[in-house]
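Engineer: Here it is, the structure, as structure tokens.
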Amino acid sequence: MLQYLQIENYALIRSLRIDFDAGFTVITGETGAGKSIIIGALSMLLGKRADTTVLYDKNRKCFVEGVFDAGGLHLQEFFEANDLDYDESITIRREVNEKGKSRAFINDTPVTLNVLKELAEKLVDIHSQHNNLLVNNEDFQISLLDQFAHNTALLNQYKTSYNAYKKAAQSLQQLEEQQRQHEQERSYLEYVFQELENAKLIAGEQENLEQQISLLSNAESIKSKLYESNLILAEAEEHNIIQQLQIAKDNCLYFNNIDSEMTEIAQRIESCLIEIKDISEDISRKENNIEVNPQELSRCEERLDLLMNLQHKHHANNNEELLEIFADTDSKLQAMSDEGETVEKQRKLCIDAFNQMMDIAQELSRKRQQAVAAFKAEMISKIRLLGMEHGNFDIEVSRMENAGINGIDRVCFLFSANKGSEMNEIGKTASGGEISRLMLAIKSVINDSSLLPTVVFDEIDTGISGEVASKVATMMREISKKHQLLVITHLPQIAAQGNKHYFVYKEFSEDKTHTQIRSLNADESIREIAGMISGDHISEAALNTAKELKNNILL
């Protein structure tokens with residue numbers, strides 16, 4: 001229940017505090033006085049977007065604060081889920097600063113607009129005359145049926161499942177599109193991979209080939225030079241270096257008995273002999289190993305030409321880059337090979353998500369179908385109480401081709417106002433006044449089955465007058481027995497039903513106009529109702545009629 005509303009610097013309101021009671025509260029006043037501005041402030045408090053246009057004084061911030069008694073609403077779980085301090089007395093505050101920045105608070109804790117709206121949906125139902133247009137909207141009609149059937153939890157479960165399915169389907173579509181694109185690339189990559197695999201690339205091979213080609217190209221010359229060098233060192237029949245060093249060593253040893261230093265020199269010559277013999281052997285081995293092999297030279301040149309052609313073809317600078325291209329191609333082909341498995345896994349996830357969604361959708365549809373008869377019966381009862389004695393109402397639930405955000409059902413409200421008239425969609429058959437009464441009947445039926453503590457009607461009685469207005473007032477009175485009811489009205493029959501009566505008016509000061517509100521006592525209420533009946537000149541007859549209305553004589 002809304003206990004009080006504090007409004008500061010909002011639209012035409014400079015400062016207002018309104019205290020509310022349980023039961024039926026009516027708010028009246030002249031057209032343009034600001035009655036709906038109060039509802040606008042309440043709507044902003046409950047999450048409607050706002051900007052600097054709401055500021056009465058553009059140089060200071062606006063705020064709206066409301067205190068709600070939430071005893072018995074079982075909101076502890078909501079508060080725990082959003083990390084908020086729970087109290088049965090809930091204070092909601094909304095601020096808009098001079099720059100248009102908005103902030104929201106629940107029990108002095110900052111919250112997002114989404115959290116605020118989620119809480120608001122559990123506290124207040126605001127309905128204005130503009131909402132009458134919604135009665136023709138399919139989504140609105142299905143939401144009303146779900147409210148009546150208490151499908152909120154199941155519908156939220158379905159929407160979670162629906163979003164999961166849509167996400168899975170979108171991922172599958174992206175993977176399949178990626179697979180199609182890769183299929184076009186696969187044949188080229190397979191060609192590249194096969195070509196490089198057939199080349200049997202080896203790291204460092206290019207350098208080895210270049211060295212081998214250089215060696216084979218000069219084999220005869222190298223072999224000749226090595227032979228000549230070895231001939232000088234050891235192979236010449238006369239005067240080779242080894243022979244000459246051997247003679248030199250022997251000559252030094254000849255004098256070792258005369259001069260001991262000659263022994264040391266001979267030893268040094270011996271060391272040279274050993275080193276030169278090793279060199280000679282190495283040269284000989286090297287010379288023997290070198291082959292003049294035109295066939296091997298041709299093979300190496302062909303192999304190098306292959307590597308160079310592959311590098312040019314695949315835009316590689318060397319053999320190592322070719323190996324990188326080969327590894328990358330192999331990796332891409334492997335990924336493409338895995339794509340098929342990935343797509344199949346995602347397809348299975350998508351099918352599972354779809355089946356889960358459809359299971360919930362079927363249950364949701366079943367509960368809707370079950371609720372139709374009761375909803376229809378209550379609506380017929382209500383609209384006949386509202387003066388449409390021969391009015392008829394029905395709900396048509398049909399299956400959609402594809403599941404949507406609200407399930408697999410299409411819901412259509414059908415109505416006929418006169419006996420024997422063909423049932424048709426509300427928007428095609430109901431007049432403005434009939435739509436107002438239909439919306440009131442719908443709200444009455446829904447509110448009977450809801451736990452919302454506070455219901456607000458903002459001039460929904462457009463197009464209603466006379467005896468019908470009395471019937472509407474009676475129905476509102478019935479609603480107020482189960483809910484706190486706040487009604488802005490221009491009908492005296494409805495105003496007379498209020499337990500509490502507020503009057504909205506304008507004040508003028510400092511070249512500015514601002515909205516004020518005050519609570520009327522019993523006599524003031526009767527006089528205001530009389531004014532609603534007769535206009536500015538209040539007659540004795542109007543006063544008597546107002547008193548009779550207050551005493552429920554003309555119901």
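Each chain of the structure tokens is named A, B, ... in the order shown, its residues numbered from 1; ligands are numbered from 1 in display order.
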Run DSSP on the backbone and grab whatever in region 264-510 of chain A lands in strand (DSSP E); send it over as an mmCIF file with N, CA and C atoms, in the first residue's frame.
Structural biologist:
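Everything below was put into result_4.cif:
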data_model
loop_
_atom_site.group_PDB
_atom_site.id
_atom_site.type_symbol
_atom_site.label_atom_id
_atom_site.label_comp_id
_atom_site.auth_asym_id
_atom_site.auth_seq_id
_atom_site.Cartn_x
_atom_site.Cartn_y
_atom_site.Cartn_z
ATOM 1 N N ASN A 392 -21.376 -9.490 -24.898
ATOM 2 C CA ASN A 392 -20.776 -10.824 -24.871
ATOM 3 C C ASN A 392 -19.266 -10.689 -25.086
ATOM 4 N N PHE A 393 -18.530 -11.627 -24.523
ATOM 5 C CA PHE A 393 -17.063 -11.563 -24.568
ATOM 6 C C PHE A 393 -16.518 -12.976 -24.757
ATOM 7 N N ASP A 394 -15.457 -13.082 -25.529
ATOM 8 C CA ASP A 394 -14.819 -14.388 -25.727
ATOM 9 C C ASP A 394 -13.322 -14.185 -25.958
ATOM 10 N N ILE A 395 -12.584 -15.259 -25.772
ATOM 11 C CA ILE A 395 -11.133 -15.225 -26.009
ATOM 12 C C ILE A 395 -10.796 -16.352 -26.969
ATOM 13 N N GLU A 396 -10.186 -15.983 -28.058
ATOM 14 C CA GLU A 396 -9.782 -16.966 -29.061
ATOM 15 C C GLU A 396 -8.279 -17.199 -28.940
ATOM 16 N N VAL A 397 -7.901 -18.437 -28.649
ATOM 17 C CA VAL A 397 -6.485 -18.787 -28.534
ATOM 18 C C VAL A 397 -6.134 -19.717 -29.691
ATOM 19 N N SER A 398 -5.228 -19.263 -30.554
ATOM 20 C CA SER A 398 -4.826 -20.070 -31.718
ATOM 21 C C SER A 398 -3.317 -20.280 -31.703
ATOM 22 N N ARG A 399 -2.885 -21.260 -32.449
ATOM 23 C CA ARG A 399 -1.469 -21.639 -32.480
ATOM 24 C C ARG A 399 -0.745 -20.851 -33.574
ATOM 25 N N MET A 400 0.380 -20.247 -33.205
ATOM 26 C CA MET A 400 1.199 -19.539 -34.186
ATOM 27 C C MET A 400 2.096 -20.532 -34.925
ATOM 28 N N GLU A 401 2.504 -20.146 -36.113
ATOM 29 C CA GLU A 401 3.378 -21.016 -36.902
ATOM 30 C C GLU A 401 4.731 -21.181 -36.232
ATOM 31 N N ASN A 402 5.260 -20.098 -35.697
ATOM 32 C CA ASN A 402 6.555 -20.128 -35.022
ATOM 33 C C ASN A 402 6.412 -19.552 -33.619
ATOM 34 N N ALA A 403 7.203 -20.082 -32.700
ATOM 35 C CA ALA A 403 7.180 -19.580 -31.325
ATOM 36 C C ALA A 403 7.717 -18.156 -31.277
ATOM 37 N N GLY A 404 7.118 -17.346 -30.408
ATOM 38 C CA GLY A 404 7.572 -15.976 -30.210
ATOM 39 C C GLY A 404 7.955 -15.753 -28.767
ATOM 40 N N GLY A 407 5.443 -17.126 -26.414
ATOM 41 C CA GLY A 407 5.030 -18.523 -26.539
ATOM 42 C C GLY A 407 4.549 -18.861 -27.938
ATOM 43 N N ILE A 408 3.677 -19.851 -28.006
ATOM 44 C CA ILE A 408 3.202 -20.343 -29.314
ATOM 45 C C ILE A 408 1.748 -19.953 -29.578
ATOM 46 N N ASP A 409 1.192 -19.108 -28.689
ATOM 47 C CA ASP A 409 -0.228 -18.773 -28.806
ATOM 48 C C ASP A 409 -0.435 -17.378 -29.362
ATOM 49 N N ARG A 410 -1.503 -17.246 -30.125
ATOM 50 C CA ARG A 410 -2.014 -15.937 -30.509
ATOM 51 C C ARG A 410 -3.351 -15.771 -29.785
ATOM 52 N N VAL A 411 -3.479 -14.681 -29.025
ATOM 53 C CA VAL A 411 -4.684 -14.444 -28.233
ATOM 54 C C VAL A 411 -5.445 -13.260 -28.816
ATOM 55 N N CYS A 412 -6.726 -13.438 -28.993
ATOM 56 C CA CYS A 412 -7.564 -12.367 -29.541
ATOM 57 C C CYS A 412 -8.824 -12.245 -28.694
ATOM 58 N N PHE A 413 -9.082 -11.037 -28.175
ATOM 59 C CA PHE A 413 -10.299 -10.762 -27.413
ATOM 60 C C PHE A 413 -11.424 -10.402 -28.384
ATOM 61 N N LEU A 414 -12.549 -11.087 -28.248
ATOM 62 C CA LEU A 414 -13.707 -10.848 -29.099
ATOM 63 C C LEU A 414 -14.843 -10.253 -28.276
ATOM 64 N N PHE A 415 -15.652 -9.380 -28.914
ATOM 65 C CA PHE A 415 -16.695 -8.677 -28.167
ATOM 66 C C PHE A 415 -17.863 -8.360 -29.080
ATOM 67 N N SER A 416 -19.039 -8.434 -28.495
ATOM 68 C CA SER A 416 -20.225 -7.891 -29.170
ATOM 69 C C SER A 416 -21.060 -7.194 -28.106
ATOM 70 N N ASN A 424 -16.634 -9.952 -32.707
ATOM 71 C CA ASN A 424 -15.536 -9.458 -33.524
ATOM 72 C C ASN A 424 -14.435 -8.928 -32.613
ATOM 73 N N GLU A 425 -13.289 -8.618 -33.205
ATOM 74 C CA GLU A 425 -12.205 -8.056 -32.408
ATOM 75 C C GLU A 425 -12.667 -6.758 -31.762
ATOM 76 N N THR A 454 -1.763 -1.910 -4.765
ATOM 77 C CA THR A 454 -2.236 -0.577 -5.133
ATOM 78 C C THR A 454 -2.601 -0.539 -6.613
ATOM 79 N N VAL A 455 -3.809 -0.024 -6.909
ATOM 80 C CA VAL A 455 -4.280 0.126 -8.282
ATOM 81 C C VAL A 455 -4.618 1.591 -8.504
ATOM 82 N N VAL A 456 -4.128 2.127 -9.644
ATOM 83 C CA VAL A 456 -4.352 3.537 -9.964
ATOM 84 C C VAL A 456 -5.100 3.628 -11.284
ATOM 85 N N PHE A 457 -6.236 4.367 -11.292
ATOM 86 C CA PHE A 457 -6.983 4.647 -12.511
ATOM 87 C C PHE A 457 -6.906 6.139 -12.781
ATOM 88 N N ASP A 458 -6.356 6.508 -13.935
ATOM 89 C CA ASP A 458 -6.212 7.918 -14.298
ATOM 90 C C ASP A 458 -7.186 8.243 -15.429
ATOM 91 N N GLN A 484 -5.809 -1.157 -2.451
ATOM 92 C CA GLN A 484 -5.805 0.294 -2.321
ATOM 93 C C GLN A 484 -6.065 0.856 -3.715
ATOM 94 N N LEU A 485 -7.086 1.704 -3.843
ATOM 95 C CA LEU A 485 -7.490 2.218 -5.152
ATOM 96 C C LEU A 485 -7.364 3.737 -5.171
ATOM 97 N N LEU A 486 -6.586 4.247 -6.135
ATOM 98 C CA LEU A 486 -6.434 5.687 -6.339
ATOM 99 C C LEU A 486 -7.030 6.017 -7.695
ATOM 100 N N VAL A 487 -8.029 6.916 -7.722
ATOM 101 C CA VAL A 487 -8.746 7.195 -8.962
ATOM 102 C C VAL A 487 -8.785 8.689 -9.221
ATOM 103 N N ILE A 488 -8.314 9.082 -10.419
ATOM 104 C CA ILE A 488 -8.517 10.442 -10.903
ATOM 105 C C ILE A 488 -9.732 10.403 -11.811
ATOM 106 N N LYS A 500 -11.634 8.768 0.726
ATOM 107 C CA LYS A 500 -10.861 9.992 0.907
ATOM 108 C C LYS A 500 -10.912 10.764 -0.394
ATOM 109 N N HIS A 501 -11.031 12.086 -0.295
ATOM 110 C CA HIS A 501 -11.212 12.914 -1.487
ATOM 111 C C HIS A 501 -10.142 14.011 -1.480
ATOM 112 N N TYR A 502 -9.335 14.040 -2.555
ATOM 113 C CA TYR A 502 -8.345 15.101 -2.740
ATOM 114 C C TYR A 502 -8.789 16.001 -3.878
ATOM 115 N N PHE A 503 -8.520 17.298 -3.699
ATOM 116 C CA PHE A 503 -8.860 18.283 -4.718
ATOM 117 C C PHE A 503 -7.569 18.942 -5.203
ATOM 118 N N VAL A 504 -7.383 18.946 -6.536
ATOM 119 C CA VAL A 504 -6.185 19.529 -7.139
ATOM 120 C C VAL A 504 -6.555 20.874 -7.752
ATOM 121 N N TYR A 505 -5.699 21.871 -7.524
ATOM 122 C CA TYR A 505 -5.975 23.217 -8.040
ATOM 123 C C TYR A 505 -4.651 23.925 -8.334
ATOM 124 N N LYS A 506 -4.754 25.068 -8.998
ATOM 125 C CA LYS A 506 -3.566 25.853 -9.338
ATOM 126 C C LYS A 506 -3.464 27.076 -8.438
ATOM 127 N N GLU A 507 -2.213 27.427 -8.128
ATOM 128 C CA GLU A 507 -1.933 28.681 -7.432
ATOM 129 C C GLU A 507 -0.993 29.509 -8.298
ATOM 130 N N PHE A 508 -1.099 30.828 -8.155
ATOM 131 C CA PHE A 508 -0.278 31.732 -8.959
ATOM 132 C C PHE A 508 0.531 32.621 -8.034
ATOM 133 N N SER A 509 1.844 32.661 -8.249
ATOM 134 C CA SER A 509 2.712 33.520 -7.439
ATOM 135 C C SER A 509 3.996 33.770 -8.207
#
Engineer: Please identify which residues in region 480-531 of chain A DSSP calls helix (DSSP H, G or I) from the backbone, and express them as a ChimeraX atom specification.
Structural biologist: /A:480,492-495,522-531
Engineer: For the selection you just gave me, I'd like the residues written to a file as a compact mmCIF listing (two decimals), in the first residue's frame, keeping N, CA and C atoms.
Structural biologist:
# COMPACT_ATOMS: atom_id res chain seq x y z
N SER A 480 -11.82 -1.67 -4.59
CA SER A 480 -11.17 -1.04 -3.43
C SER A 480 -11.30 -1.88 -2.16
N PRO A 492 -18.97 12.61 -11.07
CA PRO A 492 -19.41 12.75 -9.69
C PRO A 492 -19.79 11.42 -9.06
N GLN A 493 -20.34 10.50 -9.86
CA GLN A 493 -20.73 9.20 -9.32
C GLN A 493 -19.52 8.45 -8.74
N ILE A 494 -18.37 8.57 -9.43
CA ILE A 494 -17.17 7.90 -8.95
C ILE A 494 -16.56 8.67 -7.78
N ALA A 495 -16.53 9.99 -7.90
CA ALA A 495 -15.95 10.81 -6.83
C ALA A 495 -16.68 10.56 -5.51
N ALA A 522 -15.86 16.09 4.66
CA ALA A 522 -17.12 15.57 4.12
C ALA A 522 -17.93 16.66 3.42
N ASP A 523 -18.06 17.82 4.05
CA ASP A 523 -18.85 18.91 3.46
C ASP A 523 -18.18 19.43 2.19
N GLU A 524 -16.84 19.59 2.24
CA GLU A 524 -16.12 20.08 1.06
C GLU A 524 -16.22 19.08 -0.09
N SER A 525 -16.19 17.82 0.25
CA SER A 525 -16.32 16.78 -0.78
C SER A 525 -17.67 16.87 -1.45
N ILE A 526 -18.73 17.04 -0.66
CA ILE A 526 -20.08 17.15 -1.23
C ILE A 526 -20.17 18.37 -2.14
N ARG A 527 -19.57 19.48 -1.71
CA ARG A 527 -19.62 20.70 -2.52
C ARG A 527 -18.84 20.51 -3.85
N GLU A 528 -17.67 19.82 -3.79
CA GLU A 528 -16.89 19.56 -5.01
C GLU A 528 -17.67 18.65 -5.96
N ILE A 529 -18.34 17.65 -5.41
CA ILE A 529 -19.14 16.75 -6.25
C ILE A 529 -20.31 17.51 -6.88
N ALA A 530 -20.91 18.39 -6.10
CA ALA A 530 -22.00 19.21 -6.64
C ALA A 530 -21.51 20.08 -7.78
N GLY A 531 -20.27 20.62 -7.64
CA GLY A 531 -19.68 21.42 -8.71
C GLY A 531 -19.43 20.60 -9.96
Engineer: How many Å separate CA of Asn107 (chain A) from CA of Thr91 (chain A)?
Structural biologist: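 These atoms are spaced 5.0 Å apart.
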Engineer: Skipping near chain neighbours, those fewer than 2 positions away, what residues fall within 12 Å of Val468 (chain A) using only C-alpha atoms, listed as a PDB file with N, CA and C atoms, in the first residue's frame?
Structural biologist:
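Result saved to selection24.pdb:
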ATOM      1  N   ILE A 383     -19.053  -7.015 -17.525  1.00  0.00           N
ATOM      2  CA  ILE A 383     -19.538  -6.048 -18.512  1.00  0.00           C
ATOM      3  C   ILE A 383     -21.052  -5.889 -18.428  1.00  0.00           C
ATOM      4  N   ARG A 384     -21.741  -6.925 -17.980  1.00  0.00           N
ATOM      5  CA  ARG A 384     -23.192  -6.783 -17.825  1.00  0.00           C
ATOM      6  C   ARG A 384     -23.516  -5.958 -16.598  1.00  0.00           C
ATOM      7  N   LEU A 385     -22.663  -6.041 -15.587  1.00  0.00           N
ATOM      8  CA  LEU A 385     -22.830  -5.159 -14.429  1.00  0.00           C
ATOM      9  C   LEU A 385     -22.592  -3.705 -14.810  1.00  0.00           C
ATOM     10  N   LEU A 386     -21.806  -3.509 -15.867  1.00  0.00           N
ATOM     11  CA  LEU A 386     -21.471  -2.152 -16.296  1.00  0.00           C
ATOM     12  C   LEU A 386     -22.458  -1.618 -17.341  1.00  0.00           C
ATOM     13  N   GLY A 387     -23.625  -2.222 -17.422  1.00  0.00           N
ATOM     14  CA  GLY A 387     -24.682  -1.655 -18.254  1.00  0.00           C
ATOM     15  C   GLY A 387     -24.771  -2.220 -19.647  1.00  0.00           C
ATOM     16  N   MET A 388     -23.896  -3.183 -19.984  1.00  0.00           N
ATOM     17  CA  MET A 388     -23.993  -3.804 -21.310  1.00  0.00           C
ATOM     18  C   MET A 388     -24.704  -5.145 -21.131  1.00  0.00           C
ATOM     19  N   GLU A 389     -26.046  -5.070 -20.979  1.00  0.00           N
ATOM     20  CA  GLU A 389     -26.836  -6.227 -20.566  1.00  0.00           C
ATOM     21  C   GLU A 389     -26.762  -7.369 -21.573  1.00  0.00           C
ATOM     22  N   GLY A 433     -16.718   4.531 -25.378  1.00  0.00           N
ATOM     23  CA  GLY A 433     -17.268   4.290 -24.044  1.00  0.00           C
ATOM     24  C   GLY A 433     -17.253   2.818 -23.688  1.00  0.00           C
ATOM     25  N   GLU A 434     -17.557   1.978 -24.684  1.00  0.00           N
ATOM     26  CA  GLU A 434     -17.545   0.535 -24.440  1.00  0.00           C
ATOM     27  C   GLU A 434     -16.134   0.038 -24.136  1.00  0.00           C
ATOM     28  N   SER A 436     -13.773   1.790 -22.696  1.00  0.00           N
ATOM     29  CA  SER A 436     -13.468   2.204 -21.321  1.00  0.00           C
ATOM     30  C   SER A 436     -14.055   1.217 -20.324  1.00  0.00           C
ATOM     31  N   ARG A 437     -15.320   0.815 -20.564  1.00  0.00           N
ATOM     32  CA  ARG A 437     -15.956  -0.137 -19.642  1.00  0.00           C
ATOM     33  C   ARG A 437     -15.300  -1.516 -19.734  1.00  0.00           C
ATOM     34  N   ASP A 461     -12.500   6.752 -17.252  1.00  0.00           N
ATOM     35  CA  ASP A 461     -13.958   6.752 -17.406  1.00  0.00           C
ATOM     36  C   ASP A 461     -14.428   7.622 -18.566  1.00  0.00           C
ATOM     37  N   THR A 462     -13.543   7.883 -19.517  1.00  0.00           N
ATOM     38  CA  THR A 462     -13.911   8.690 -20.684  1.00  0.00           C
ATOM     39  C   THR A 462     -15.057   8.025 -21.459  1.00  0.00           C
ATOM     40  N   GLY A 463     -16.040   8.818 -21.864  1.00  0.00           N
ATOM     41  CA  GLY A 463     -17.148   8.287 -22.654  1.00  0.00           C
ATOM     42  C   GLY A 463     -18.230   7.627 -21.834  1.00  0.00           C
ATOM     43  N   ILE A 464     -18.156   7.787 -20.506  1.00  0.00           N
ATOM     44  CA  ILE A 464     -19.132   7.145 -19.624  1.00  0.00           C
ATOM     45  C   ILE A 464     -19.937   8.230 -18.911  1.00  0.00           C
ATOM     46  N   SER A 465     -21.214   7.980 -18.734  1.00  0.00           N
ATOM     47  CA  SER A 465     -22.050   8.955 -18.010  1.00  0.00           C
ATOM     48  C   SER A 465     -23.308   8.257 -17.514  1.00  0.00           C
ATOM     49  N   GLY A 466     -24.114   9.011 -16.761  1.00  0.00           N
ATOM     50  CA  GLY A 466     -25.418   8.542 -16.331  1.00  0.00           C
ATOM     51  C   GLY A 466     -25.378   7.296 -15.480  1.00  0.00           C
ATOM     52  N   SER A 470     -22.627   5.177 -12.621  1.00  0.00           N
ATOM     53  CA  SER A 470     -22.912   4.628 -11.294  1.00  0.00           C
ATOM     54  C   SER A 470     -22.470   3.178 -11.199  1.00  0.00           C
ATOM     55  N   LYS A 471     -22.675   2.443 -12.274  1.00  0.00           N
ATOM     56  CA  LYS A 471     -22.243   1.040 -12.266  1.00  0.00           C
ATOM     57  C   LYS A 471     -20.718   0.936 -12.228  1.00  0.00           C
ATOM     58  N   VAL A 472     -20.053   1.833 -12.986  1.00  0.00           N
ATOM     59  CA  VAL A 472     -18.581   1.857 -12.961  1.00  0.00           C
ATOM     60  C   VAL A 472     -18.105   2.175 -11.552  1.00  0.00           C
ATOM     61  N   ALA A 473     -18.758   3.135 -10.916  1.00  0.00           N
ATOM     62  CA  ALA A 473     -18.381   3.511  -9.558  1.00  0.00           C
ATOM     63  C   ALA A 473     -18.536   2.339  -8.606  1.00  0.00           C
ATOM     64  N   THR A 474     -19.605   1.590  -8.773  1.00  0.00           N
ATOM     65  CA  THR A 474     -19.821   0.424  -7.920  1.00  0.00           C
ATOM     66  C   THR A 474     -18.712  -0.608  -8.099  1.00  0.00           C
ATOM     67  N   MET A 475     -18.321  -0.804  -9.366  1.00  0.00           N
ATOM     68  CA  MET A 475     -17.263  -1.789  -9.616  1.00  0.00           C
ATOM     69  C   MET A 475     -15.945  -1.324  -8.998  1.00  0.00           C
ATOM     70  N   LEU A 491     -16.080  12.194 -13.031  1.00  0.00           N
ATOM     71  CA  LEU A 491     -17.474  11.791 -12.840  1.00  0.00           C
ATOM     72  C   LEU A 491     -17.869  11.915 -11.367  1.00  0.00           C
ATOM     73  N   GLN A 493     -20.339  10.504  -9.864  1.00  0.00           N
ATOM     74  CA  GLN A 493     -20.733   9.202  -9.318  1.00  0.00           C
ATOM     75  C   GLN A 493     -19.518   8.452  -8.744  1.00  0.00           C
ATOM     76  N   ILE A 494     -18.374   8.571  -9.433  1.00  0.00           N
ATOM     77  CA  ILE A 494     -17.167   7.903  -8.946  1.00  0.00           C
ATOM     78  C   ILE A 494     -16.562   8.675  -7.781  1.00  0.00           C
ATOM     79  N   LEU A 554     -27.994   6.683  -5.198  1.00  0.00           N
ATOM     80  CA  LEU A 554     -28.234   6.545  -6.630  1.00  0.00           C
ATOM     81  C   LEU A 554     -27.361   5.461  -7.252  1.00  0.00           C
ATOM     82  N   LEU A 555     -27.023   4.439  -6.522  1.00  0.00           N
ATOM     83  CA  LEU A 555     -26.194   3.354  -7.072  1.00  0.00           C
ATOM     84  C   LEU A 555     -27.073   2.321  -7.750  1.00  0.00           C
TER      85      LEU A 555
END
Engineer: Point out the residue among A:Lys428, A:Lys99, A:Glu301, A:Leu233 with the least atom-to-atom distance to Glu275 (chain A), counting only C-alpha atoms.
Structural biologist: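 Looking only at the distances to Glu275 (chain A), the closest residue turns out to be A:Leu233.
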Engineer: Can you work out the spacing between CA of Gln206 (chain A) and CA of Arg285 (chain A) in Å, to one decimal?
Structural biologist: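 Computed distance, CA of Gln206 (chain A) to CA of Arg285 (chain A), equals 26.2 Å.
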Engineer: Find the residues near region 66-68 of chain A: any atom within 7 Å, counting only C-alpha atoms, skip ones fewer than 4 places away on the same chain, and give them as a PyMOL selection string.
Structural biologist: chain A and resi 1-6+89-93
